[in-house]
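Dumped model33.cif below, it's mmCIF, C-alpha atoms and all ligand atoms:
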data_query
#
loop_
_atom_site.group_PDB
_atom_site.id
_atom_site.type_symbol
_atom_site.label_atom_id
_atom_site.label_comp_id
_atom_site.auth_asym_id
_atom_site.auth_seq_id
_atom_site.Cartn_x
_atom_site.Cartn_y
_atom_site.Cartn_z
ATOM 1 C CA MET A 1 -8.562 12.320 7.086
ATOM 2 C CA GLN A 2 -9.974 10.096 4.395
ATOM 3 C CA LEU A 3 -8.504 7.409 2.159
ATOM 4 C CA THR A 4 -9.652 7.117 -1.449
ATOM 5 C CA VAL A 5 -8.609 3.996 -3.375
ATOM 6 C CA LEU A 6 -7.786 4.922 -6.983
ATOM 7 C CA GLY A 7 -6.753 1.348 -7.742
ATOM 8 C CA SER A 8 -5.352 -1.585 -5.780
ATOM 9 C CA SER A 9 -4.285 -4.432 -8.032
ATOM 10 C CA SER A 10 -1.758 -5.386 -10.693
ATOM 11 C CA ALA A 11 -3.821 -3.187 -13.039
ATOM 12 C CA GLY A 12 -2.621 -0.109 -11.143
ATOM 13 C CA ASN A 13 -2.183 1.090 -7.581
ATOM 14 C CA GLY A 14 -2.940 4.552 -6.251
ATOM 15 C CA TYR A 15 -4.258 5.959 -2.979
ATOM 16 C CA VAL A 16 -5.124 9.490 -1.840
ATOM 17 C CA ILE A 17 -5.129 10.390 1.849
ATOM 18 C CA GLN A 18 -6.734 13.770 2.445
ATOM 19 C CA SER A 19 -8.489 16.194 4.720
ATOM 20 C CA GLU A 20 -10.084 19.466 3.646
ATOM 21 C CA THR A 21 -6.723 21.189 3.629
ATOM 22 C CA GLU A 22 -3.986 18.541 3.320
ATOM 23 C CA ALA A 23 -3.283 15.464 1.218
ATOM 24 C CA LEU A 24 -0.706 12.779 0.552
ATOM 25 C CA ILE A 25 -0.609 10.458 -2.445
ATOM 26 C CA LEU A 26 0.607 6.868 -2.219
ATOM 27 C CA GLU A 27 1.756 5.190 -5.454
ATOM 28 C CA THR A 28 1.596 6.360 -9.054
ATOM 29 C CA GLY A 29 0.275 3.336 -10.916
ATOM 30 C CA VAL A 30 -3.002 5.076 -11.776
ATOM 31 C CA GLY A 31 -3.102 8.104 -14.080
ATOM 32 C CA LEU A 32 -2.814 11.582 -12.597
ATOM 33 C CA ILE A 33 -6.317 12.603 -13.661
ATOM 34 C CA ALA A 34 -7.854 10.030 -11.291
ATOM 35 C CA ALA A 35 -5.885 11.511 -8.388
ATOM 36 C CA LYS A 36 -6.934 15.033 -9.367
ATOM 37 C CA LYS A 37 -10.594 13.975 -9.450
ATOM 38 C CA ALA A 38 -10.288 12.331 -6.029
ATOM 39 C CA LEU A 39 -8.805 15.609 -4.762
ATOM 40 C CA ASP A 40 -11.696 17.512 -6.316
ATOM 41 C CA PHE A 41 -8.948 19.261 -8.307
ATOM 42 C CA ASN A 42 -7.508 20.927 -5.202
ATOM 43 C CA ILE A 43 -3.970 19.816 -5.984
ATOM 44 C CA ALA A 44 -2.477 22.687 -3.980
ATOM 45 C CA LYS A 45 -3.161 20.816 -0.757
ATOM 46 C CA VAL A 46 -0.953 17.839 -1.703
ATOM 47 C CA ALA A 47 2.079 17.728 0.586
ATOM 48 C CA GLY A 48 3.770 14.893 -1.268
ATOM 49 C CA CYS A 49 3.643 11.692 -3.226
ATOM 50 C CA LEU A 50 5.236 8.428 -2.017
ATOM 51 C CA ILE A 51 6.224 5.549 -4.329
ATOM 52 C CA SER A 52 7.065 2.061 -3.045
ATOM 53 C CA HIS A 53 8.961 0.584 -6.017
ATOM 54 C CA VAL A 54 9.574 0.783 -9.741
ATOM 55 C CA HIS A 55 7.087 -1.753 -11.127
ATOM 56 C CA GLY A 56 4.586 -0.302 -13.586
ATOM 57 C CA ASP A 57 1.518 -0.966 -11.479
ATOM 58 C CA HIS A 58 3.043 1.351 -8.828
ATOM 59 C CA ALA A 59 5.173 3.758 -10.857
ATOM 60 C CA LYS A 60 3.888 3.841 -14.458
ATOM 61 C CA TYR A 61 2.836 7.484 -14.107
ATOM 62 C CA ALA A 62 5.610 8.532 -11.697
ATOM 63 C CA ILE A 63 6.962 11.142 -14.088
ATOM 64 C CA ASP A 64 3.543 12.832 -14.372
ATOM 65 C CA TYR A 65 3.100 12.966 -10.598
ATOM 66 C CA SER A 66 6.675 14.082 -9.959
ATOM 67 C CA GLN A 67 6.215 17.080 -12.252
ATOM 68 C CA VAL A 68 3.316 18.299 -10.102
ATOM 69 C CA PHE A 69 4.027 17.022 -6.575
ATOM 70 C CA GLN A 70 7.078 16.682 -4.363
ATOM 71 C CA THR A 71 7.784 12.989 -4.857
ATOM 72 C CA TYR A 72 9.591 10.592 -2.536
ATOM 73 C CA ALA A 73 10.842 7.207 -3.753
ATOM 74 C CA PRO A 74 13.673 4.683 -3.505
ATOM 75 C CA ALA A 75 16.773 5.600 -5.546
ATOM 76 C CA SER A 76 16.019 2.883 -8.110
ATOM 77 C CA VAL A 77 12.661 4.492 -8.946
ATOM 78 C CA ILE A 78 14.177 7.961 -9.267
ATOM 79 C CA ALA A 79 16.915 6.652 -11.574
ATOM 80 C CA MET A 80 14.837 4.329 -13.750
ATOM 81 C CA LYS A 81 11.945 6.769 -14.123
ATOM 82 C CA SER A 82 14.214 9.847 -14.494
ATOM 83 C CA LEU A 83 12.379 11.739 -11.754
ATOM 84 C CA GLU A 84 14.085 15.112 -11.622
ATOM 85 C CA GLY A 85 13.582 16.853 -8.305
ATOM 86 C CA ALA A 86 12.336 13.749 -6.492
ATOM 87 C CA THR A 87 13.738 12.939 -3.069
ATOM 88 C CA GLU A 88 15.348 9.592 -2.291
ATOM 89 C CA VAL A 89 13.912 7.749 0.698
ATOM 90 C CA LEU A 90 16.259 5.775 2.916
ATOM 91 C CA PRO A 91 15.399 2.855 5.166
ATOM 92 C CA LEU A 92 14.405 3.944 8.671
ATOM 93 C CA VAL A 93 15.265 7.591 8.000
ATOM 94 C CA ARG A 94 12.235 9.660 8.970
ATOM 95 C CA PHE A 95 11.242 12.748 6.998
ATOM 96 C CA GLN A 96 8.551 15.408 7.058
ATOM 97 C CA THR A 97 6.403 16.662 4.201
ATOM 98 C CA GLY A 98 3.773 19.221 5.190
ATOM 99 C CA ARG A 99 2.316 17.969 8.467
ATOM 100 C CA PHE A 100 2.889 14.354 7.419
ATOM 101 C CA THR A 101 5.817 12.497 8.946
ATOM 102 C CA VAL A 102 7.035 9.447 7.038
ATOM 103 C CA LEU A 103 9.222 6.553 8.156
ATOM 104 C CA PRO A 104 10.285 4.319 5.244
ATOM 105 C CA PHE A 105 11.042 0.664 5.980
ATOM 106 C CA PRO A 106 12.280 -2.001 3.563
ATOM 107 C CA GLY A 107 9.945 -4.624 2.162
ATOM 108 C CA HIS A 108 10.900 -7.881 0.446
ATOM 109 C CA HIS A 109 10.187 -7.927 -3.287
ATOM 110 C CA ASP A 110 12.226 -8.744 -6.414
ATOM 111 C CA VAL A 111 13.251 -5.076 -6.736
ATOM 112 C CA PRO A 112 13.976 -2.554 -3.959
ATOM 113 C CA CYS A 113 10.624 -1.812 -2.314
ATOM 114 C CA MET A 114 9.749 0.447 0.596
ATOM 115 C CA GLY A 115 6.891 0.350 3.078
ATOM 116 C CA TYR A 116 5.943 3.525 4.915
ATOM 117 C CA ILE A 117 4.684 4.512 8.339
ATOM 118 C CA VAL A 118 2.774 7.732 7.631
ATOM 119 C CA SER A 119 1.858 9.897 10.611
ATOM 120 C CA HIS A 120 -0.348 12.954 10.829
ATOM 121 C CA PRO A 121 -1.886 14.695 13.875
ATOM 122 C CA GLU A 122 -5.445 14.031 12.627
ATOM 123 C CA MET A 123 -4.823 10.455 11.443
ATOM 124 C CA GLY A 124 -2.304 8.991 13.862
ATOM 125 C CA ASN A 125 0.057 6.340 12.492
ATOM 126 C CA LEU A 126 -0.706 4.465 9.281
ATOM 127 C CA MET A 127 1.303 1.402 8.233
ATOM 128 C CA PHE A 128 1.464 0.969 4.442
ATOM 129 C CA LEU A 129 3.111 -2.094 2.915
ATOM 130 C CA THR A 130 2.577 -3.686 -0.483
ATOM 131 C CA ASP A 131 4.487 -6.043 -2.759
ATOM 132 C CA SER A 132 6.396 -7.736 0.023
ATOM 133 C CA PHE A 133 6.288 -11.444 0.746
ATOM 134 C CA MET A 134 7.096 -10.848 4.418
ATOM 135 C CA CYS A 135 7.686 -8.148 7.032
ATOM 136 C CA GLU A 136 9.996 -8.496 10.003
ATOM 137 C CA TYR A 137 8.972 -5.230 11.660
ATOM 138 C CA SER A 138 6.702 -4.870 14.641
ATOM 139 C CA PHE A 139 5.344 -1.339 14.974
ATOM 140 C CA LYS A 140 3.827 0.178 18.072
ATOM 141 C CA GLY A 141 1.099 2.808 18.270
ATOM 142 C CA LEU A 142 -0.542 2.075 14.933
ATOM 143 C CA ASN A 143 -3.972 3.549 14.202
ATOM 144 C CA HIS A 144 -4.478 2.342 10.630
ATOM 145 C CA VAL A 145 -3.039 -0.456 8.509
ATOM 146 C CA MET A 146 -2.928 -0.816 4.720
ATOM 147 C CA LEU A 147 -1.326 -4.201 4.091
ATOM 148 C CA GLU A 148 -0.988 -6.442 1.065
ATOM 149 C CA CYS A 149 -2.913 -9.697 0.977
ATOM 150 C CA ASN A 150 -2.164 -10.762 -2.589
ATOM 151 C CA TYR A 151 -3.102 -14.416 -2.725
ATOM 152 C CA THR A 152 -4.019 -17.514 -0.770
ATOM 153 C CA ASP A 153 -2.286 -20.865 -1.181
ATOM 154 C CA LYS A 154 -5.659 -22.535 -1.686
ATOM 155 C CA ALA A 155 -6.868 -20.152 -4.401
ATOM 156 C CA LEU A 156 -3.456 -20.252 -6.083
ATOM 157 C CA GLU A 157 -3.511 -24.063 -6.297
ATOM 158 C CA TYR A 158 -7.018 -23.905 -7.728
ATOM 159 C CA ALA A 159 -5.953 -21.311 -10.313
ATOM 160 C CA ILE A 160 -2.955 -23.448 -11.340
ATOM 161 C CA ASP A 161 -5.065 -26.618 -11.548
ATOM 162 C CA ASN A 162 -7.550 -24.812 -13.774
ATOM 163 C CA GLY A 163 -5.007 -23.116 -16.002
ATOM 164 C CA HIS A 164 -5.763 -19.560 -14.840
ATOM 165 C CA THR A 165 -2.253 -19.224 -13.407
ATOM 166 C CA GLN A 166 0.901 -20.853 -14.745
ATOM 167 C CA ALA A 167 2.765 -23.185 -12.382
ATOM 168 C CA TRP A 168 6.016 -21.228 -12.791
ATOM 169 C CA GLU A 169 4.322 -18.100 -11.436
ATOM 170 C CA LYS A 170 3.971 -19.786 -8.052
ATOM 171 C CA ARG A 171 7.635 -19.457 -7.157
ATOM 172 C CA ARG A 172 7.707 -15.790 -8.116
ATOM 173 C CA LEU A 173 4.583 -15.088 -6.092
ATOM 174 C CA MET A 174 5.976 -16.870 -3.044
ATOM 175 C CA THR A 175 9.058 -14.649 -3.015
ATOM 176 C CA THR A 176 7.461 -11.351 -4.026
ATOM 177 C CA HIS A 177 3.901 -11.066 -2.695
ATOM 178 C CA MET A 178 2.132 -11.654 0.602
ATOM 179 C CA GLU A 179 0.010 -14.749 1.158
ATOM 180 C CA LEU A 180 -2.979 -14.778 3.520
ATOM 181 C CA GLN A 181 -1.216 -16.627 6.360
ATOM 182 C CA THR A 182 1.710 -14.194 6.195
ATOM 183 C CA THR A 183 -0.659 -11.217 6.178
ATOM 184 C CA LYS A 184 -2.253 -12.665 9.316
ATOM 185 C CA LYS A 185 1.128 -13.186 10.971
ATOM 186 C CA VAL A 186 2.289 -9.685 10.074
ATOM 187 C CA LEU A 187 -0.911 -8.187 11.498
ATOM 188 C CA LEU A 188 -0.586 -10.207 14.707
ATOM 189 C CA ASN A 189 3.000 -9.006 14.973
ATOM 190 C CA GLN A 190 1.826 -5.382 15.202
ATOM 191 C CA ASP A 191 0.407 -3.488 18.156
ATOM 192 C CA LEU A 192 -3.246 -3.454 17.036
ATOM 193 C CA SER A 193 -4.657 -2.139 20.326
ATOM 194 C CA GLY A 194 -5.193 1.359 18.884
ATOM 195 C CA VAL A 195 -5.972 0.346 15.314
ATOM 196 C CA ASN A 196 -9.214 1.711 13.858
ATOM 197 C CA THR A 197 -8.986 0.419 10.296
ATOM 198 C CA ILE A 198 -7.335 -2.493 8.497
ATOM 199 C CA THR A 199 -7.418 -2.266 4.720
ATOM 200 C CA LEU A 200 -6.177 -5.141 2.574
ATOM 201 C CA ILE A 201 -4.501 -3.997 -0.608
ATOM 202 C CA HIS A 202 -3.173 -5.387 -3.902
ATOM 203 C CA MET A 203 -5.331 -8.511 -3.981
ATOM 204 C CA SER A 204 -4.952 -10.788 -6.992
ATOM 205 C CA GLY A 205 -8.105 -11.412 -8.994
ATOM 206 C CA ARG A 206 -6.989 -14.893 -10.062
ATOM 207 C CA ASN A 207 -5.159 -16.203 -7.012
ATOM 208 C CA SER A 208 -7.291 -15.045 -4.116
ATOM 209 C CA ASP A 209 -10.720 -15.588 -2.631
ATOM 210 C CA LYS A 210 -12.247 -12.638 -0.783
ATOM 211 C CA ASN A 211 -14.460 -14.813 1.408
ATOM 212 C CA GLU A 212 -11.550 -17.045 2.405
ATOM 213 C CA ILE A 213 -9.453 -13.980 3.219
ATOM 214 C CA ILE A 214 -12.099 -12.208 5.294
ATOM 215 C CA ALA A 215 -12.845 -15.460 7.158
ATOM 216 C CA GLY A 216 -9.137 -16.130 7.676
ATOM 217 C CA LEU A 217 -8.555 -12.731 9.252
ATOM 218 C CA SER A 218 -11.811 -12.346 11.169
ATOM 219 C CA GLY A 219 -11.474 -11.505 14.818
ATOM 220 C CA ILE A 220 -7.878 -10.423 14.484
ATOM 221 C CA SER A 221 -8.402 -6.928 15.863
ATOM 222 C CA GLY A 222 -12.079 -6.651 16.693
ATOM 223 C CA LYS A 223 -12.355 -4.088 13.891
ATOM 224 C CA PRO A 224 -13.803 -4.797 10.450
ATOM 225 C CA ILE A 225 -11.288 -5.686 7.765
ATOM 226 C CA VAL A 226 -11.912 -3.977 4.452
ATOM 227 C CA ILE A 227 -10.718 -4.920 0.975
ATOM 228 C CA ALA A 228 -9.442 -1.937 -1.007
ATOM 229 C CA ASP A 229 -11.738 -2.023 -4.001
ATOM 230 C CA LYS A 230 -11.277 0.744 -6.568
ATOM 231 C CA GLY A 231 -13.303 3.833 -5.653
ATOM 232 C CA LEU A 232 -13.683 2.922 -1.989
ATOM 233 C CA THR A 233 -13.331 5.671 0.621
ATOM 234 C CA ILE A 234 -12.397 4.960 4.230
ATOM 235 C CA ASP A 235 -12.399 7.256 7.265
ATOM 236 C CA LEU A 236 -8.839 7.498 8.593
ATOM 237 C CA ASN A 237 -9.444 9.921 11.412
ATOM 238 C CA LEU A 238 -7.719 9.252 14.679
ATOM 239 C CA SER A 239 -11.011 9.128 16.577
ATOM 240 C CA PRO A 240 -13.812 8.119 14.226
ATOM 241 C CA TYR A 241 -16.384 7.756 16.996
HETATM 242 ZN ZN ZN B 301 5.862 -5.137 -7.697
#

Write-out of the structure in structure tokens:
Amino acid sequence: MQLTVLGSSSAGNGYVIQSETEALILETGVGLIAAKKALDFNIAKVAGCLISHVHGDHAKYAIDYSQVFQTYAPASVIAMKSLEGATEVLPLVRFQTGRFTVLPFPGHHDVPCMGYIVSHPEMGNLMFLTDSFMCEYSFKGLNHVMLECNYTDKALEYAIDNGHTQAWEKRRLMTTHMELQTTKKVLLNQDLSGVNTITLIHMSGRNSDKNEIIAGLSGISGKPIVIADKGLTIDLNLSPY
């Protein structure tokens, strides 16, 4: 199983998880053509498409995706984006799509937002959470983590001092997106003993510092921590060695 990052920022979020014969799409904030290219146009293998919340950088193209793929999203996304035929996801109610099993869990954003534990026999258990300023869950048996690290307090203060970020944005960020120290705490709160990959997603260009983030999280699992740059591919197999 392989992850392809179509985009991972406020400019648009989209991820494709795929093997030769099966695929799952996470988020619809990047145009459908990018997903089709990542799939090498084999759209028949897509078992489903998951959406976390209604904001444009995650759901701008939801209607396009929902017309092609079985789409799963919170009720607010289905209603606001008029997604006919999409399936509502409910907190902690597990469902199956193809050979993927999905457990939605609530995040903490300024609109309803869902994280997902995605499981597949070849991938194991993947935790996906974005646009959430905290996470109270502690999951066992994880093999892969895709977790938001949106900003750092230090980089945010610098951006405000230098006029790159407005002071009023600070309060919104603090109650909607995950800061480095929270990302660290959330990771430490998980069972990382079987984790092969940790991918940091939805990083702010203005309010973060990649070096500070990598240094701040180094040694947390003994596995390299990767930042989800657009175009990156990551091996998500259960046993990569
Ligand atoms: Zn959002």

- Task: Mind listing whatever residues come within 9 Å of the point (-4.0, 3.1, -8.9)? Use only C-alpha atoms, file coordinates, and give them as a list in words.
- Result: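 The distance filter leaves exactly Val5, Leu6, Gly7, Ser8, Ser9, Ser10, Ala11, Gly12, Asn13, Gly14, Tyr15, Leu26, Glu27, Thr28, Gly29, Val30, Gly31, Ala34, Ala35, Asp57, His58 and Lys230 of chain A.
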
Output of the above residues as a PDB file, in the coordinates of the input, restricted to C-alpha atoms:
ATOM      1  CA  VAL A   5      -8.609   3.996  -3.375  1.00  0.00           C
ATOM      2  CA  LEU A   6      -7.786   4.922  -6.983  1.00  0.00           C
ATOM      3  CA  GLY A   7      -6.753   1.348  -7.742  1.00  0.00           C
ATOM      4  CA  SER A   8      -5.352  -1.585  -5.780  1.00  0.00           C
ATOM      5  CA  SER A   9      -4.285  -4.432  -8.032  1.00  0.00           C
ATOM      6  CA  SER A  10      -1.758  -5.386 -10.693  1.00  0.00           C
ATOM      7  CA  ALA A  11      -3.821  -3.187 -13.039  1.00  0.00           C
ATOM      8  CA  GLY A  12      -2.621  -0.109 -11.143  1.00  0.00           C
ATOM      9  CA  ASN A  13      -2.183   1.090  -7.581  1.00  0.00           C
ATOM     10  CA  GLY A  14      -2.940   4.552  -6.251  1.00  0.00           C
ATOM     11  CA  TYR A  15      -4.258   5.959  -2.979  1.00  0.00           C
ATOM     12  CA  LEU A  26       0.607   6.868  -2.219  1.00  0.00           C
ATOM     13  CA  GLU A  27       1.756   5.190  -5.454  1.00  0.00           C
ATOM     14  CA  THR A  28       1.596   6.360  -9.054  1.00  0.00           C
ATOM     15  CA  GLY A  29       0.275   3.336 -10.916  1.00  0.00           C
ATOM     16  CA  VAL A  30      -3.002   5.076 -11.776  1.00  0.00           C
ATOM     17  CA  GLY A  31      -3.102   8.104 -14.080  1.00  0.00           C
ATOM     18  CA  ALA A  34      -7.854  10.030 -11.291  1.00  0.00           C
ATOM     19  CA  ALA A  35      -5.885  11.511  -8.388  1.00  0.00           C
ATOM     20  CA  ASP A  57       1.518  -0.966 -11.479  1.00  0.00           C
ATOM     21  CA  HIS A  58       3.043   1.351  -8.828  1.00  0.00           C
ATOM     22  CA  LYS A 230     -11.277   0.744  -6.568  1.00  0.00           C
TER      23      LYS A 230
END

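CA of Ile234 in chain A to CA of Lys154 in chain A spans 28.9 Å [interatomic distance, one decimal].
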
- Point out the residue among A:His144, A:Lys170, A:Lys60, A:His164 with the least atom-to-atom distance to Ser82 in chain A, counting all atoms listed in the file.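 Looking only at the distances to Ser82 in chain A, the closest residue turns out to be A:Lys60.
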
- Query: Which is closest to ligand ZN 301 (chain B) among A:Leu173, A:Leu217, A:Ala155, A:Ala38, if we use all atoms listed in the file?
  - Reply: A:Leu173

- Return as a ChimeraX atom specification the residues of protein, DNA or RNA that approach ligand ZN 301 (chain B) to within 10 Å, with all atoms listed in the file taken into account. /A:10,52-59,108-113,130-132,176-177,202

- Query: Which is closest to Leu90 in chain A among A:Gly231, A:Pro104, A:Gly141, A:Pro121, if we use all atoms listed in the file?
  - Reply: A:Pro104

- To verify the selection step, state as a list in words which residues the PyMOL selection byres (((chain A and resi 42-50) around 7) and not hetatm) yields on this input.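 Checked against the file, the PyMOL selection byres (((chain A and resi 42-50) around 7) and not hetatm) matches Thr21, Glu22, Ala23, Leu24, Ile25, Leu26, Glu27, Lys36, Leu39, Asp40, Phe41, Ile51, Ser52, Phe69, Gln70, Thr71, Tyr72, Ala73, Thr97 and Gly98 of chain A.
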
Give me the residues of range 30-136 of chain A that have any atom at most 10 Å from an atom of range 188-196 of chain A; for each, the nearest atom pair and the distance in Å, rounded to one decimal. Use all atoms listed in the file, sort by chain and number, and format it as a Markdown table.
| residue | atom | partner | partner_atom | distance |
| --- | --- | --- | --- | --- |
| A:Gly124 | CA | A:Val195 | CA | 9.5 |
| A:Asn125 | CA | A:Val195 | CA | 9.0 |
| A:Leu126 | CA | A:Val195 | CA | 9.0 |
| A:Met127 | CA | A:Gln190 | CA | 9.7 |
| A:Cys135 | CA | A:Asn189 | CA | 9.3 |
| A:Glu136 | CA | A:Asn189 | CA | 8.6 |

- Query: For Thr152 in chain A, which residue out of A:Ile213, A:Ala167, A:Leu129, A:Ile117 is the nearest one, using all atoms listed in the file?
  - Reply: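 Smallest separation from Thr152 in chain A among the options: A:Ile213.
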
- Task: One decimal, Å: what's the distance from CA of Pro224 in chain A over to CA of Val118 in chain A, could you say?
- Result: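 Interatomic distance, CA of Pro224 in chain A to CA of Val118 in chain A: 21.0 Å.
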
- Query: Between CA of Leu187 in chain A and CA of Leu236 in chain A, what is the spacing in Å?
  - Reply: 17.8 Å

- Item | Pick from A:Gln2, A:Lys185, A:Thr101, A:Leu156 nearest to Trp168 in chain A, counting all atoms listed in the file | A:Leu156

- Non-local contacts of Thr165 in chain A (8 Å; all atoms listed in the file; under 5 positions in same chain excluded) as a list in words: Leu156, Ala159, Ile160, Arg206 and Asn207 of chain A

Kindly provide, as AutoDock Vina command-line options, the centre and edge lengths (Å, one decimal) of an axis-aligned box around all atoms of range 45-55 of chain A given in the file, with 6 Å on each side.
--center_x 3.2 --center_y 9.5 --center_z -5.3 --size_x 24.7 --size_y 34.6 --size_z 23.7

- Item | Residue IDs satisfying the PyMOL selection byres (((chain A and resi 178) around 7) and not hetatm), as an MDAnalysis selection string | chainID A and resid 131:134 148:151 177 179:180 182:183

Selected residues written out, C-alpha atoms, as a compact mmCIF listing (two decimals), in the frame of the given file:
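Below you can see selection35.txt, which holds the result:
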# COMPACT_ATOMS: atom_id res chain seq x y z
CA ASP A 131 4.49 -6.04 -2.76
CA SER A 132 6.40 -7.74 0.02
CA PHE A 133 6.29 -11.44 0.75
CA MET A 134 7.10 -10.85 4.42
CA GLU A 148 -0.99 -6.44 1.06
CA CYS A 149 -2.91 -9.70 0.98
CA ASN A 150 -2.16 -10.76 -2.59
CA TYR A 151 -3.10 -14.42 -2.72
CA HIS A 177 3.90 -11.07 -2.70
CA GLU A 179 0.01 -14.75 1.16
CA LEU A 180 -2.98 -14.78 3.52
CA THR A 182 1.71 -14.19 6.20
CA THR A 183 -0.66 -11.22 6.18
